[in-house]
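Below: the structure, in structure tokens.
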Amino acid sequence: MSNTQYKETDENNPAAIELFKSIWKALEGDLGVAALTFPKAIYWLNGAPGAGKGTQTDVILEELGLKSQPIVMSDLLKTPEMEAIKATGQLIDDKTVIGLLFRRLTRPEYRDGVMVDGFPRTAGQVACLKLLAKKLNELHASAPEKYFAANFTMLMLYVTENESVERQLKRGREMKAAGKPVRETDIDPEKTRVRYQVFASTTLEPLQSLKGTFPYLQIDSLGGIEETADEIRKALRSR
């Protein structure tokens, strides 16, 4: 038996391969092989809580010329059970997240391109993203008239821990003042900081492993809204 050690983010990691195979097999069984067509281009938007992903969404969509609405991972994960997990600042398991996302990506309204907000978030999700790219390229090679080759771009909005915490708490205060529902991680300073630290320890390093695999744009979002919007435009136009 081989003693080769694989990083969790490695697409050759046997655990990641098995996870991807089980997800893909379920999709084939539920939707049929012919329905597994993915978008022409996918832009993966990420960043720490409070980095401004939602605030800057319209700027990004306009700059990219995308007509479809973005897929926001937090909106896909809104069952009571999942909400209870998210309320603690923790993450949903990879198989559930990836399966829901891949299924959504096959919808025809995303065929010309889509932005995904909040994925990948873990090492396992990063590995499965690499495996998805490999799978899409294989499908394209077998039937280029039906399947697009993988065309992925990573967009990372950068913000410091202190700025992330302050923005989350500010959002909580504003939501509360407006009489809107507020999640605990936007009003409890300890949970707010935990949420950032989960991102830093679980998401940031795996995401950085994608540098050199797909185009990876790290964008400074420490400034104000308009300043960050300008940084986004500059980064996207420099590709």
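Identifiers in this document derive from the order of the structure tokens: chains are assigned A, B, ..., residues are numbered from 1 separately in each chain, and ligands are numbered from 1 in order of occurrence.
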So that I can check the surroundings of Gln168 (chain A), please list as a ChimeraX atom specification every protein, DNA and RNA residue that reaches within 9 Å of it, counting only C-alpha atoms and ignoring chain neighbours fewer than 2 positions away.
/A:49-50,163-166,170-173,185-187,189,192
Would you list, as number ranges by chain, the residues of region 1-142 of chain A that end up in alpha helix (DSSP H) under DSSP run on this structure's backbone?
A: 14-31, 57-64, 73-76, 80-87, 94-105, 123-142
Which residues of region 57-110 of chain A come within 9 Å of region 28-39 of chain A, and for each one, what is the closest pair of atoms and their distance in Å to one decimal, counting only C-alpha atoms, sorted by chain and residue number, as a tab-separated table?
residue	atom	partner	partner_atom	distance
A:Phe102	CA	A:Phe38	CA	8.4
A:Arg103	CA	A:Leu36	CA	8.4
A:Leu105	CA	A:Phe38	CA	5.9
A:Thr106	CA	A:Phe38	CA	5.2
A:Arg107	CA	A:Phe38	CA	8.0
A:Pro108	CA	A:Pro39	CA	8.3
A:Glu109	CA	A:Pro39	CA	8.9
A:Tyr110	CA	A:Pro39	CA	5.7
Pick the closest to Glu63 (chain A) from A:Lys146, A:Met115, A:Leu139, A:Leu19: which is it, counting only C-alpha atoms?
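Under the stated criterion, the closest residue is A:Met115.
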For Leu77 (chain A), the nearest of the candidates A:Leu100, A:Ile23, A:Leu61, A:Ile225, counting only C-alpha atoms:
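Smallest separation from Leu77 (chain A) among the options: A:Leu100.
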Mind checking which residues fall within 9 Å of Ile219 (chain A), counting only C-alpha atoms, ignoring those fewer than 5 positions away in the same chain, and posting them as a PyMOL selection string?
chain A and resi 155-158+228+231-232+235
Which is closer to Val72 (chain A) than all the others in A:Glu226, A:Asp58, A:Glu190, A:Asp117, using only C-alpha atoms?
A:Asp117
Skip region 237-239 of chain A itself and residues of its chain fewer than 6 positions away, then list as a ChimeraX atom specification all residues within 10 Å of it, counting only C-alpha atoms.
/A:63-64,153,215-217,231
From A:Arg121, A:Lys53, A:Lys130, A:Arg195, residue lying nearest Asn13 (chain A) [only C-alpha atoms]
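Distance minimum relative to Asn13 (chain A) lands on A:Lys130.
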Selected residue of minimal separation from Glu205 (chain A) among A:Gly54, A:Gly99, A:Pro120, A:Gly113, counting only C-alpha atoms:
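That would be A:Pro120, the residue with the smallest distance to Glu205 (chain A).
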Strand (DSSP E) call set, DSSP backbone run, region 54-125 of chain A, as a list of chain:residue names:
A:Ile71, A:Val72, A:Val114, A:Met115, A:Val116, A:Asp117
Requested write-out: C-alpha atoms of the selected residues, as a short mmCIF file (atom, residue, chain, number, x, y, z; two decimals), in the first residue's frame:
data_model
loop_
_atom_site.label_atom_id
_atom_site.label_comp_id
_atom_site.auth_asym_id
_atom_site.auth_seq_id
_atom_site.Cartn_x
_atom_site.Cartn_y
_atom_site.Cartn_z
CA ILE A 71 -25.43 32.08 -6.32
CA VAL A 72 -25.02 33.05 -2.66
CA VAL A 114 -22.29 33.09 -13.00
CA MET A 115 -20.68 34.38 -9.83
CA VAL A 116 -20.69 32.18 -6.72
CA ASP A 117 -20.46 34.02 -3.40
#
Between CA of Asp94 (chain A) and CA of Ala143 (chain A), what distance in Å does the model show, to one decimal?
29.3 Å
Skip Thr213 (chain A) itself and residues of its chain fewer than 4 positions away, then list as a VMD selection string all residues within 10 Å of it, counting only C-alpha atoms.
chain A and resid 130 133 152 to 154 208 to 209
Nearest to Phe119 (chain A) among A:Met73, A:Ala141, A:Ala149, A:Ala229, with distances taken over only C-alpha atoms: which residue is it?
A:Met73
Excluding same-chain residues fewer than 6 positions from Lys7 (chain A), what lies within 12 Å of it counting only C-alpha atoms, as a list of chain:residue names?
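My reading of the contact set: A:Asn13, A:Pro14, A:Ala15, A:Ala16, A:Ala123, A:Gly124, A:Val126, A:Ala127, A:Glu205, A:Pro206, A:Ser209.
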Interatomic distance (Å, one decimal) between CA of Ile17 (chain A) and CA of Tyr196 (chain A):
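Result for CA of Ile17 (chain A) versus CA of Tyr196 (chain A): 28.8 Å, one decimal.
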d(CA of Gln197 (chain A), CA of Glu8 (chain A)) in Å:
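These two atoms are separated by 19.3 Å.
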Would you mind listing what lies within 8 Å of Lys40 (chain A) as a list of chain:residue names, with only C-alpha atoms counted and same-chain residues fewer than 4 positions away left out?
A:Arg111, A:Asp112, A:Gly113, A:Phe148, A:Ala149, A:Ala150, A:Asn151
